[in-house]
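Asker: This is work-v5.txt (compact mmCIF, C-alpha atoms and all ligand atoms).
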```
# COMPACT_ATOMS: atom_id res chain seq x y z
CA MET U 244 18.00 -7.34 -16.15
CA LEU U 245 14.52 -6.78 -17.72
CA ILE U 246 11.54 -7.93 -15.71
CA LEU U 247 7.83 -7.88 -16.49
CA GLY U 248 5.72 -7.35 -13.37
CA ILE U 249 2.00 -8.16 -13.09
CA GLU U 250 -0.37 -6.93 -10.34
CA THR U 251 -4.04 -7.97 -9.97
CA SER U 252 -4.59 -8.35 -6.21
CA CYS U 253 -7.22 -5.68 -5.70
CA ASP U 254 -8.87 -3.22 -8.08
CA GLU U 255 -5.97 -2.20 -10.30
CA THR U 256 -4.97 -4.34 -13.28
CA ALA U 257 -1.35 -3.45 -13.93
CA ALA U 258 1.71 -4.52 -15.92
CA ALA U 259 5.14 -2.89 -15.98
CA VAL U 260 8.61 -3.51 -17.33
CA VAL U 261 11.49 -2.68 -15.01
CA ARG U 262 15.18 -2.57 -15.83
CA ALA U 263 16.57 -3.58 -12.46
CA ASP U 264 20.22 -2.70 -13.05
CA ALA U 265 19.53 0.88 -14.20
CA PRO U 266 20.25 3.81 -11.86
CA LYS U 267 17.35 5.20 -9.81
CA GLY U 268 15.05 7.37 -11.86
CA GLY U 269 15.53 5.19 -14.93
CA ARG U 270 14.42 1.80 -13.71
CA VAL U 271 10.80 1.78 -14.78
CA VAL U 272 10.79 1.29 -18.55
CA SER U 273 7.03 1.13 -19.08
CA GLU U 274 3.83 1.01 -17.05
CA ALA U 275 0.26 0.16 -18.00
CA ILE U 276 -2.47 0.38 -15.39
CA LEU U 277 -6.24 0.23 -15.46
CA SER U 278 -8.19 1.21 -12.39
CA GLN U 279 -11.57 -0.45 -11.82
CA LEU U 280 -12.79 2.46 -9.69
CA ASP U 281 -15.77 3.23 -11.92
CA GLU U 282 -16.93 -0.39 -11.84
CA HIS U 283 -16.88 -0.55 -8.02
CA ARG U 284 -18.04 3.00 -7.24
CA PRO U 285 -21.79 2.20 -7.29
CA TYR U 286 -21.17 -0.33 -4.50
CA GLY U 287 -18.98 1.95 -2.37
CA GLY U 288 -16.20 -0.65 -2.18
CA VAL U 289 -14.40 -3.33 -4.15
CA VAL U 290 -16.67 -6.21 -5.20
CA PRO U 291 -14.42 -9.30 -5.50
CA GLU U 292 -16.41 -11.01 -8.27
CA ILE U 293 -16.50 -7.87 -10.42
CA ALA U 294 -12.78 -7.32 -9.79
CA ALA U 295 -11.82 -10.85 -10.88
CA ARG U 296 -13.86 -10.65 -14.09
CA SER U 297 -12.47 -7.24 -14.92
CA HIS U 298 -8.85 -8.40 -14.39
CA LEU U 299 -9.58 -11.30 -16.76
CA ASP U 300 -11.03 -8.93 -19.40
CA HIS U 301 -8.07 -6.57 -19.35
CA ILE U 302 -4.87 -8.30 -18.29
CA ASP U 303 -3.77 -9.44 -21.76
CA ALA U 304 -4.18 -5.97 -23.25
CA LEU U 305 -2.30 -4.32 -20.37
CA VAL U 306 0.60 -6.75 -20.63
CA ALA U 307 0.73 -6.14 -24.40
CA GLN U 308 0.66 -2.38 -23.79
CA ALA U 309 3.53 -2.49 -21.27
CA MET U 310 5.62 -4.66 -23.61
CA GLU U 311 4.89 -2.44 -26.61
CA GLN U 312 5.75 0.74 -24.72
CA ALA U 313 9.01 -0.88 -23.62
CA GLY U 314 9.65 -1.81 -27.25
CA ILE U 315 10.45 -5.43 -26.41
CA GLY U 316 9.06 -8.93 -26.94
CA PHE U 317 8.69 -11.70 -24.35
CA ALA U 318 11.93 -13.27 -25.62
CA ASP U 319 13.82 -10.16 -24.46
CA LEU U 320 12.70 -10.57 -20.83
CA ASP U 321 15.05 -11.97 -18.21
CA ALA U 322 12.20 -12.90 -15.88
CA LEU U 323 8.62 -12.27 -14.79
CA ALA U 324 7.26 -11.35 -11.36
CA VAL U 325 3.65 -11.58 -10.26
CA THR U 326 1.64 -10.80 -7.15
CA ALA U 327 0.81 -14.19 -5.65
CA GLY U 328 -1.01 -12.76 -2.58
CA PRO U 329 -2.24 -11.48 -0.21
CA GLY U 330 -5.35 -10.10 -1.88
CA LEU U 331 -8.69 -10.93 -3.42
CA ILE U 332 -8.10 -14.46 -4.56
CA GLY U 333 -10.06 -14.30 -7.83
CA GLY U 334 -7.92 -11.41 -9.05
CA VAL U 335 -4.67 -12.93 -7.80
CA ILE U 336 -5.44 -16.14 -9.73
CA VAL U 337 -5.89 -14.16 -12.96
CA GLY U 338 -2.47 -12.53 -12.61
CA VAL U 339 -0.74 -15.72 -11.54
CA MET U 340 -2.17 -17.81 -14.39
CA THR U 341 -1.24 -15.13 -16.92
CA ALA U 342 2.33 -14.91 -15.62
CA LYS U 343 2.70 -18.69 -15.45
CA ALA U 344 1.50 -19.04 -19.05
CA ILE U 345 3.97 -16.46 -20.38
CA ALA U 346 6.80 -17.92 -18.29
CA ALA U 347 6.04 -21.48 -19.43
CA VAL U 348 5.70 -20.68 -23.13
CA HIS U 349 8.79 -18.45 -23.28
CA ARG U 350 10.79 -20.47 -20.75
CA LYS U 351 11.47 -17.55 -18.43
CA PRO U 352 12.05 -17.63 -14.67
CA LEU U 353 9.07 -16.49 -12.60
CA VAL U 354 9.05 -14.99 -9.11
CA ALA U 355 5.94 -15.16 -6.91
CA VAL U 356 5.86 -11.82 -5.10
CA ASN U 357 4.14 -10.94 -1.84
CA HIS U 358 2.10 -7.78 -2.60
CA LEU U 359 3.09 -6.28 0.75
CA GLU U 360 6.73 -6.88 -0.02
CA GLY U 361 6.13 -4.98 -3.27
CA HIS U 362 4.97 -1.99 -1.19
CA ALA U 363 7.76 -2.50 1.35
CA LEU U 364 10.59 -2.48 -1.20
CA THR U 365 9.27 0.38 -3.36
CA PRO U 366 11.48 2.96 -1.60
CA ARG U 367 14.47 1.05 -2.99
CA LEU U 368 13.02 1.34 -6.51
CA SER U 369 12.49 5.10 -6.32
CA ASP U 370 15.50 5.86 -4.08
CA ASP U 371 18.51 3.76 -3.15
CA VAL U 372 17.61 3.11 0.50
CA PRO U 373 20.07 0.75 2.22
CA PHE U 374 18.98 -2.00 4.65
CA PRO U 375 17.99 -1.92 7.43
CA TYR U 376 15.26 0.71 7.34
CA LEU U 377 12.17 1.51 9.35
CA LEU U 378 8.97 1.13 7.35
CA LEU U 379 5.49 2.44 7.97
CA LEU U 380 3.30 0.33 5.69
CA VAL U 381 -0.11 1.98 5.47
CA SER U 382 -2.55 0.73 2.89
CA GLY U 383 -6.17 -0.28 2.33
CA GLY U 384 -5.77 -3.58 4.12
CA HIS U 385 -2.73 -3.09 6.33
CA CYS U 386 -1.17 -0.81 8.90
CA GLN U 387 2.16 -1.99 10.21
CA ILE U 388 5.53 -0.75 11.34
CA LEU U 389 8.31 -3.05 10.22
CA ALA U 390 12.06 -3.11 10.44
CA VAL U 391 13.12 -4.13 6.93
CA GLU U 392 16.36 -6.01 7.60
CA ASP U 393 16.83 -7.38 4.10
CA VAL U 394 14.81 -8.77 1.21
CA GLY U 395 12.51 -11.36 2.77
CA ARG U 396 13.48 -10.38 6.34
CA TYR U 397 10.90 -8.27 8.11
CA ARG U 398 10.52 -7.73 11.82
CA ARG U 399 7.18 -6.40 12.94
CA LEU U 400 7.36 -3.65 15.54
CA GLY U 401 3.69 -2.72 15.48
CA THR U 402 0.39 -3.48 13.76
CA THR U 403 -3.22 -2.41 13.91
CA ILE U 404 -5.39 -4.17 16.44
CA ASP U 405 -8.54 -3.41 14.42
CA ASP U 406 -8.92 -1.42 11.18
CA ALA U 407 -6.22 -0.58 8.65
CA ALA U 408 -5.57 3.14 8.13
CA GLY U 409 -6.90 3.12 4.56
CA GLU U 410 -9.99 1.25 5.70
CA ALA U 411 -10.63 3.95 8.32
CA PHE U 412 -10.24 6.69 5.69
CA ASP U 413 -12.61 4.85 3.35
CA LYS U 414 -15.27 4.17 6.00
CA VAL U 415 -15.26 7.70 7.39
CA ALA U 416 -15.42 9.13 3.87
CA LYS U 417 -18.42 6.94 3.17
CA MET U 418 -20.05 8.07 6.42
CA LEU U 419 -19.60 11.70 5.38
CA GLY U 420 -20.82 11.04 1.84
CA LEU U 421 -17.51 12.15 0.34
CA GLY U 422 -17.44 9.57 -2.42
CA TYR U 423 -15.22 6.71 -3.39
CA PRO U 424 -12.33 6.01 -2.99
CA GLY U 425 -12.39 7.61 0.41
CA GLY U 426 -8.77 8.49 1.13
CA PRO U 427 -8.13 11.06 -1.58
CA ALA U 428 -11.70 12.45 -1.30
CA LEU U 429 -11.36 12.91 2.46
CA GLN U 430 -7.96 14.59 2.14
CA LYS U 431 -9.44 17.02 -0.38
CA ALA U 432 -12.46 17.85 1.80
CA ALA U 433 -10.18 18.33 4.82
CA GLU U 434 -8.30 21.12 3.02
CA ARG U 435 -11.34 23.38 3.52
CA GLY U 436 -12.02 22.24 7.08
CA ASP U 437 -11.16 23.30 10.61
CA PRO U 438 -9.52 20.35 12.39
CA ARG U 439 -10.21 21.91 15.82
CA ARG U 440 -13.99 22.24 15.57
CA PHE U 441 -14.63 18.68 16.74
CA ASP U 442 -12.73 17.10 19.58
CA LEU U 443 -11.83 13.61 18.36
CA PRO U 444 -9.73 10.99 20.21
CA ARG U 445 -6.11 10.14 19.39
CA PRO U 446 -6.21 6.34 19.69
CA MET U 447 -3.25 4.66 21.42
CA LYS U 448 -1.46 7.96 21.93
CA GLY U 449 0.95 7.73 24.86
CA ARG U 450 0.48 3.98 25.23
CA PRO U 451 3.50 1.67 25.34
CA GLY U 452 4.40 -0.25 22.19
CA CYS U 453 3.85 0.65 18.56
CA ASP U 454 0.43 -0.81 17.76
CA PHE U 455 -2.37 1.12 16.08
CA SER U 456 -6.12 1.28 16.54
CA PHE U 457 -8.55 3.26 14.41
CA SER U 458 -11.95 1.79 15.10
CA GLY U 459 -12.61 4.02 18.15
CA LEU U 460 -11.81 7.12 16.11
CA LYS U 461 -14.17 5.97 13.38
CA THR U 462 -16.94 5.36 15.94
CA SER U 463 -16.31 8.76 17.43
CA VAL U 464 -16.85 10.41 14.03
CA ARG U 465 -20.11 8.47 13.66
CA GLN U 466 -21.31 9.54 17.13
CA THR U 467 -20.41 13.15 16.37
CA VAL U 468 -22.47 12.99 13.17
CA GLU U 469 -25.40 11.46 15.06
CA LYS U 470 -25.35 14.29 17.60
CA MET U 471 -25.57 16.96 14.89
CA PRO U 472 -28.96 18.62 14.22
CA PRO U 473 -31.21 16.49 11.98
CA GLY U 474 -30.91 16.90 8.22
CA PRO U 475 -28.04 16.50 5.81
CA LEU U 476 -24.55 17.66 6.81
CA SER U 477 -23.48 20.97 5.32
CA GLU U 478 -20.35 21.11 3.16
CA GLN U 479 -18.60 22.91 6.02
CA ASP U 480 -19.63 20.24 8.54
CA LYS U 481 -18.21 17.58 6.24
CA ALA U 482 -14.99 19.48 5.73
CA ASP U 483 -14.53 20.08 9.47
CA LEU U 484 -15.21 16.44 10.32
CA ALA U 485 -12.84 15.29 7.58
CA ALA U 486 -10.12 17.66 8.84
CA GLY U 487 -10.69 16.57 12.44
CA PHE U 488 -10.53 12.89 11.56
CA GLN U 489 -7.42 13.27 9.42
CA ALA U 490 -5.63 15.32 12.08
CA ALA U 491 -6.47 12.73 14.76
CA LEU U 492 -5.31 9.83 12.60
CA VAL U 493 -2.08 11.56 11.63
CA ASP U 494 -1.45 12.49 15.26
CA SER U 495 -2.01 8.92 16.39
CA VAL U 496 0.25 7.47 13.67
CA ARG U 497 2.90 10.04 14.51
CA ASP U 498 2.92 8.96 18.16
CA ARG U 499 3.27 5.29 17.19
CA VAL U 500 6.06 5.94 14.68
CA LYS U 501 7.88 8.08 17.22
CA LYS U 502 7.94 5.10 19.59
CA ALA U 503 9.03 2.81 16.77
CA ILE U 504 11.95 5.09 15.91
CA ILE U 505 13.30 4.74 19.45
CA LEU U 506 13.00 0.96 19.25
CA PHE U 507 14.50 0.86 15.75
CA LYS U 508 17.51 2.91 16.82
CA GLU U 509 18.13 0.57 19.73
CA LEU U 510 17.87 -2.52 17.56
CA TYR U 511 19.65 -1.18 14.45
CA PRO U 512 22.06 1.61 15.42
CA HIS U 513 23.32 1.87 11.84
CA GLY U 514 19.85 2.19 10.26
CA THR U 515 19.53 5.49 8.41
CA ALA U 516 16.02 5.91 7.03
CA LEU U 517 12.34 6.16 7.87
CA VAL U 518 10.36 5.02 4.87
CA THR U 519 6.66 4.91 4.13
CA ALA U 520 4.72 2.97 1.52
CA GLY U 521 1.20 1.79 0.67
CA GLY U 522 -1.79 3.79 -0.56
CA VAL U 523 -2.22 5.93 2.57
CA ALA U 524 1.41 7.03 2.21
CA ALA U 525 -0.02 9.25 -0.55
CA ASN U 526 -1.67 11.36 2.18
CA VAL U 527 0.01 14.75 2.18
CA PRO U 528 -0.40 15.74 5.87
CA LEU U 529 0.79 12.27 6.92
CA ARG U 530 3.89 12.58 4.73
CA ALA U 531 4.63 16.02 6.16
CA SER U 532 4.30 14.76 9.72
CA LEU U 533 6.58 11.77 9.09
CA LYS U 534 9.13 13.96 7.38
CA ALA U 535 9.34 16.23 10.41
CA LEU U 536 9.60 13.24 12.73
CA ALA U 537 12.46 11.76 10.71
CA ALA U 538 14.31 15.08 10.69
CA GLN U 539 14.04 15.30 14.49
CA ALA U 540 15.43 11.77 14.79
CA ASP U 541 18.21 12.46 12.30
CA LEU U 542 16.89 9.87 9.86
CA ASP U 543 16.41 10.28 6.10
CA PHE U 544 12.78 10.31 5.09
CA VAL U 545 11.83 8.47 1.93
CA ALA U 546 8.35 8.23 0.43
CA PRO U 547 7.89 6.94 -3.10
CA PRO U 548 6.08 9.08 -5.70
CA LEU U 549 2.30 8.87 -5.28
CA LYS U 550 1.75 6.57 -8.28
CA TRP U 551 4.02 3.94 -6.70
CA CYS U 552 2.41 4.27 -3.26
CA THR U 553 -0.91 2.87 -4.45
CA ASP U 554 -1.08 -0.49 -6.20
CA ASN U 555 1.08 -0.76 -9.31
CA ALA U 556 3.09 -3.36 -11.20
CA ALA U 557 6.47 -1.61 -11.15
CA MET U 558 6.79 -2.39 -7.42
CA ILE U 559 6.05 -6.06 -8.14
CA ALA U 560 8.65 -6.26 -10.92
CA TRP U 561 11.14 -4.55 -8.59
CA ALA U 562 10.48 -6.92 -5.67
CA GLY U 563 10.93 -9.78 -8.13
CA ALA U 564 14.27 -8.31 -9.17
CA GLU U 565 15.41 -8.07 -5.55
CA HIS U 566 14.72 -11.78 -5.12
CA LEU U 567 16.29 -12.73 -8.44
CA ARG U 568 19.48 -10.90 -7.51
CA ARG U 569 19.65 -13.25 -4.54
CA GLY U 570 19.07 -16.25 -6.75
CA ALA U 571 15.47 -16.87 -5.72
CA VAL U 572 13.13 -18.18 -8.42
CA SER U 573 9.72 -19.78 -7.85
CA SER U 574 8.76 -23.14 -9.27
CA LEU U 575 5.84 -22.91 -11.70
CA ASP U 576 3.47 -24.82 -9.43
CA PHE U 577 3.26 -22.19 -6.66
CA LYS U 578 -0.25 -21.41 -5.47
CA PRO U 579 -1.92 -18.01 -5.08
CA ARG U 580 -2.33 -17.10 -1.41
CA PRO U 581 -5.26 -15.02 -0.12
CA ARG U 582 -3.33 -14.49 3.14
CA TRP U 583 0.41 -14.11 3.33
CA PRO U 584 1.93 -12.21 6.26
CA LEU U 585 5.29 -10.54 5.72
CA ASP U 586 6.72 -11.25 9.13
CA PRO U 587 7.12 -14.69 10.69
CA ASP U 588 5.52 -13.65 14.02
CA ALA U 589 2.24 -12.44 12.52
CA PRO U 590 -0.77 -13.67 14.49
CA LYS U 591 -2.86 -16.15 12.52
CA SER U 592 -6.24 -14.58 13.13
CA THR U 593 -5.92 -10.78 13.30
CA GLY U 594 -5.19 -8.03 10.78
CA ALA U 595 -7.23 -7.63 7.64
CA GLY U 596 -5.87 -9.24 4.50
CA ALA U 597 -2.91 -11.07 5.95
P1 LIG R 601 -3.22 -3.79 0.62
O1 LIG R 601 -2.03 -3.23 -0.05
O2 LIG R 601 -3.17 -3.70 2.10
O3 LIG R 601 -3.59 -5.13 0.12
P2 LIG R 601 -4.76 -2.10 -1.11
O4 LIG R 601 -3.85 -2.67 -2.14
O5 LIG R 601 -6.22 -2.01 -1.37
O6 LIG R 601 -4.49 -2.86 0.26
P3 LIG R 601 -3.49 0.36 -1.61
O7 LIG R 601 -3.92 0.35 -3.04
O8 LIG R 601 -2.06 0.25 -1.30
O9 LIG R 601 -4.29 -0.68 -0.72
O10 LIG R 601 -4.07 1.68 -0.98
C1 LIG R 601 -5.44 2.01 -1.12
C2 LIG R 601 -5.85 2.76 0.12
O11 LIG R 601 -5.13 4.00 0.20
C3 LIG R 601 -7.32 3.10 0.14
O12 LIG R 601 -7.83 2.81 1.42
C4 LIG R 601 -7.32 4.61 -0.11
O13 LIG R 601 -8.43 5.29 0.45
C5 LIG R 601 -6.02 5.02 0.54
N1 LIG R 601 -5.51 6.30 0.02
C6 LIG R 601 -5.13 6.60 -1.23
N2 LIG R 601 -4.77 7.90 -1.33
C7 LIG R 601 -4.95 8.45 -0.09
C8 LIG R 601 -4.78 9.75 0.47
N3 LIG R 601 -4.36 10.78 -0.27
N4 LIG R 601 -5.05 9.92 1.78
C9 LIG R 601 -5.48 8.88 2.54
N5 LIG R 601 -5.68 7.64 2.07
C10 LIG R 601 -5.42 7.42 0.78
MG MG R 602 -6.44 -0.02 -5.25
FE FE R 603 -1.66 -2.53 -2.00
```
Would it be possible to restate this file's structure as structure tokens?
Answerer:
Amino acid sequence: MLILGIETSCDETAAAVVRADAPKGGRVVSEAILSQLDEHRPYGGVVPEIAARSHLDHIDALVAQAMEQAGIGFADLDALAVTAGPGLIGGVIVGVMTAKAIAAVHRKPLVAVNHLEGHALTPRLSDDVPFPYLLLLVSGGHCQILAVEDVGRYRRLGTTIDDAAGEAFDKVAKMLGLGYPGGPALQKAAERGDPRRFDLPRPMKGRPGCDFSFSGLKTSVRQTVEKMPPGPLSEQDKADLAAGFQAALVDSVRDRVKKAIILFKELYPHGTALVTAGGVAANVPLRASLKALAAQADLDFVAPPLKWCTDNAAMIAWAGAEHLRRGAVSSLDFKPRPRWPLDPDAPKSTGAGA
């Protein structure tokens, strides 16, 4: 089964061809991706209008590139899959209209994919993880712990009550003048820093439940900076603050996931894996901490390769394949959705992005 996936929900324009019935390691046939980082860097964050225009400028070429690399034409496809939300609506519309046009002209089935579901199912693309599994979804707009029961069946065990983890990384990096995007820059700076120099809080640690909170930690970094002697921060100051922040965030996430593991084991005694996905899952200390936690709990730990943690089209094609295997196809009149929670119990008004 050959599927073309298209992703345009944030600042990556991406197309990929996935062969869904191939063994793991051989499923992604081709991938074309264009990051808009340079276009957004001067603004220190993603500018929706610039993102939408850039997706429009590049999507056709990226689709052509993915198809050419795969050595196939549209007629050879079994189906298409496209991110239909949640995300920046202007970008999502570009991807959806492109996919609808190809599907209509070539009479191919089309699957509207939830971007978060793309992240959530990626560990089954890279590794053959069986359902149910425990998922830490940590990205630019989301921070959730979910029990993934099956395709389309997600039970939320915890969520952030304020910022997403990636958002916290990005804001603190900006505060420290570490550049954009913040996550990777902050991780790099932290390598040279002493995480013990500043005493930063571990939000939610020891509290019941599995929810997250990062805004107090972010404020604490700001207050620490304000208390420093006047003048620009030294490179060492920045590195120590970055290391302190990262250690506190990882510690807090670890505590929450530890609670979630207990709950997961009660609810799903035959579950075997702790899985992480989303852009922040690229963070090396976080991965190491989760790996140790999983080992202690006798669970397998699965984290996709870094390029499939951040936004990409292979995960969208794969999520489409998972739905197609269950006979689910979208009708061509589906609408792009700026908000689209994964779990049925999601509150209507909280949580960035969904
Ligand atoms: P969402 O998926 O919630 O809609 P998004 O698509 O913008 O949001 P992703 O592309 O999945 O998010 O992830 C981007 C985020 O991951 C950014 O906040 C970025 O700073 C963060 N990130 C990337 N690499 C790292 C890293 N090594 N350490 C920490 N954070 C990282
Ligand atoms: Mg991105
Ligand atoms: Fe994402």
Asker: Please identify every residue of stretch 306-355 of chain U that has at least one atom no farther than 12 Å from an atom of stretch 377-400 of chain U, counting only C-alpha atoms, and for each give the shortest atom pair and the distance in Å to one decimal, arranged by chain then increasing number, as JSON lines.
Answerer:
```
{"residue": "U:Pro329", "atom": "CA", "partner": "U:Gly384", "partner_atom": "CA", "distance": 9.7}
{"residue": "U:Gly330", "atom": "CA", "partner": "U:Gly384", "partner_atom": "CA", "distance": 8.9}
{"residue": "U:Leu331", "atom": "CA", "partner": "U:Gly384", "partner_atom": "CA", "distance": 10.9}
```
Asker: Residues of the last selection are to be written out with C-alpha atoms, as a PDB file, keeping the file's coordinate frame.
Answerer:
```pdb
ATOM      1  CA  PRO U 329      -2.240 -11.480  -0.210  1.00  0.00           C
ATOM      2  CA  GLY U 330      -5.350 -10.100  -1.880  1.00  0.00           C
ATOM      3  CA  LEU U 331      -8.690 -10.930  -3.420  1.00  0.00           C
TER       4      LEU U 331
END
```
Asker: Please, what distance in Å, to one decimal, runs between atom CA of U:Glu434 and atom CA of U:Asp480?
Answerer: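 Going from atom CA of U:Glu434 over to atom CA of U:Asp480, I get 12.6 Å.
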Asker: As an MDAnalysis selection string, please: every protein or nucleic acid residue near ligand MG 602 (chain R) (cut-off 7 Å, counting all atoms listed in the file).
Answerer: chainID U and resid 253:255 553:554
Asker: Those selected residues, please, written with C-alpha atoms and delivered as a compact mmCIF listing (two decimals), in the frame of the given file.
Answerer:
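So result_32.txt came out as:
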```
# COMPACT_ATOMS: atom_id res chain seq x y z
CA CYS U 253 -7.22 -5.68 -5.70
CA ASP U 254 -8.87 -3.22 -8.08
CA GLU U 255 -5.97 -2.20 -10.30
CA THR U 553 -0.91 2.87 -4.45
CA ASP U 554 -1.08 -0.49 -6.20
```
Asker: Please extract the residues at most 9 Å from ligand LIG 601 (chain R), counting all atoms listed in the file, and provide them as an NGL selection string, using the chain letters and residue numbers of this document.
Answerer: :U and (252-255 or 289 or 328-331 or 358-359 or 361-362 or 380-386 or 407-414 or 416 or 423-431 or 489 or 520-529 or 549 or 551-555 or 595-597)
Asker: Which residue gives the smallest distance to ligand FE 603 (chain R) among U:Leu443, U:Leu247, U:Ala257, U:Ala535, with only C-alpha atoms and all ligand atoms counted?
Answerer: U:Ala257
Asker: For U:Arg497, work out the shell of residues within 10 Å, counting all atoms listed in the file and skipping chain neighbours fewer than 2 positions away, then give it as an NGL selection string.
Answerer: :U and (448 or 491-495 or 499-503 or 529 or 532-533 or 535-536)
Asker: How would stretch 448-460 of chain U look with N, CA and C atoms restored, written as a PDB file, in the frame of the given file?
Answerer:
```
ATOM      1  N   LYS U 448      -2.497   6.959  21.670  1.00  0.00           N
ATOM      2  CA  LYS U 448      -1.460   7.960  21.930  1.00  0.00           C
ATOM      3  C   LYS U 448      -0.967   7.844  23.375  1.00  0.00           C
ATOM      4  N   GLY U 449       0.345   7.804  23.538  1.00  0.00           N
ATOM      5  CA  GLY U 449       0.950   7.730  24.860  1.00  0.00           C
ATOM      6  C   GLY U 449       1.048   6.318  25.419  1.00  0.00           C
ATOM      7  N   ARG U 450       0.428   5.359  24.747  1.00  0.00           N
ATOM      8  CA  ARG U 450       0.480   3.980  25.230  1.00  0.00           C
ATOM      9  C   ARG U 450       1.834   3.346  24.901  1.00  0.00           C
ATOM     10  N   PRO U 451       2.252   2.363  25.692  1.00  0.00           N
ATOM     11  CA  PRO U 451       3.500   1.670  25.340  1.00  0.00           C
ATOM     12  C   PRO U 451       3.331   0.882  24.046  1.00  0.00           C
ATOM     13  N   GLY U 452       4.445   0.560  23.413  1.00  0.00           N
ATOM     14  CA  GLY U 452       4.400  -0.250  22.190  1.00  0.00           C
ATOM     15  C   GLY U 452       4.110   0.600  20.966  1.00  0.00           C
ATOM     16  N   CYS U 453       3.997  -0.059  19.834  1.00  0.00           N
ATOM     17  CA  CYS U 453       3.850   0.650  18.560  1.00  0.00           C
ATOM     18  C   CYS U 453       2.614   0.210  17.790  1.00  0.00           C
ATOM     19  N   ASP U 454       1.620  -0.369  18.476  1.00  0.00           N
ATOM     20  CA  ASP U 454       0.430  -0.810  17.760  1.00  0.00           C
ATOM     21  C   ASP U 454      -0.518   0.353  17.455  1.00  0.00           C
ATOM     22  N   PHE U 455      -1.401   0.109  16.499  1.00  0.00           N
ATOM     23  CA  PHE U 455      -2.370   1.120  16.080  1.00  0.00           C
ATOM     24  C   PHE U 455      -3.781   0.642  16.405  1.00  0.00           C
ATOM     25  N   SER U 456      -4.706   1.605  16.457  1.00  0.00           N
ATOM     26  CA  SER U 456      -6.120   1.280  16.540  1.00  0.00           C
ATOM     27  C   SER U 456      -6.871   2.452  15.917  1.00  0.00           C
ATOM     28  N   PHE U 457      -7.812   2.164  15.044  1.00  0.00           N
ATOM     29  CA  PHE U 457      -8.550   3.260  14.410  1.00  0.00           C
ATOM     30  C   PHE U 457     -10.058   3.122  14.555  1.00  0.00           C
ATOM     31  N   SER U 458     -10.510   2.001  15.118  1.00  0.00           N
ATOM     32  CA  SER U 458     -11.950   1.790  15.100  1.00  0.00           C
ATOM     33  C   SER U 458     -12.660   2.734  16.071  1.00  0.00           C
ATOM     34  N   GLY U 459     -12.006   3.084  17.208  1.00  0.00           N
ATOM     35  CA  GLY U 459     -12.610   4.020  18.150  1.00  0.00           C
ATOM     36  C   GLY U 459     -12.750   5.416  17.539  1.00  0.00           C
ATOM     37  N   LEU U 460     -11.773   5.808  16.777  1.00  0.00           N
ATOM     38  CA  LEU U 460     -11.810   7.120  16.110  1.00  0.00           C
ATOM     39  C   LEU U 460     -12.956   7.160  15.100  1.00  0.00           C
TER      40      LEU U 460
END
```
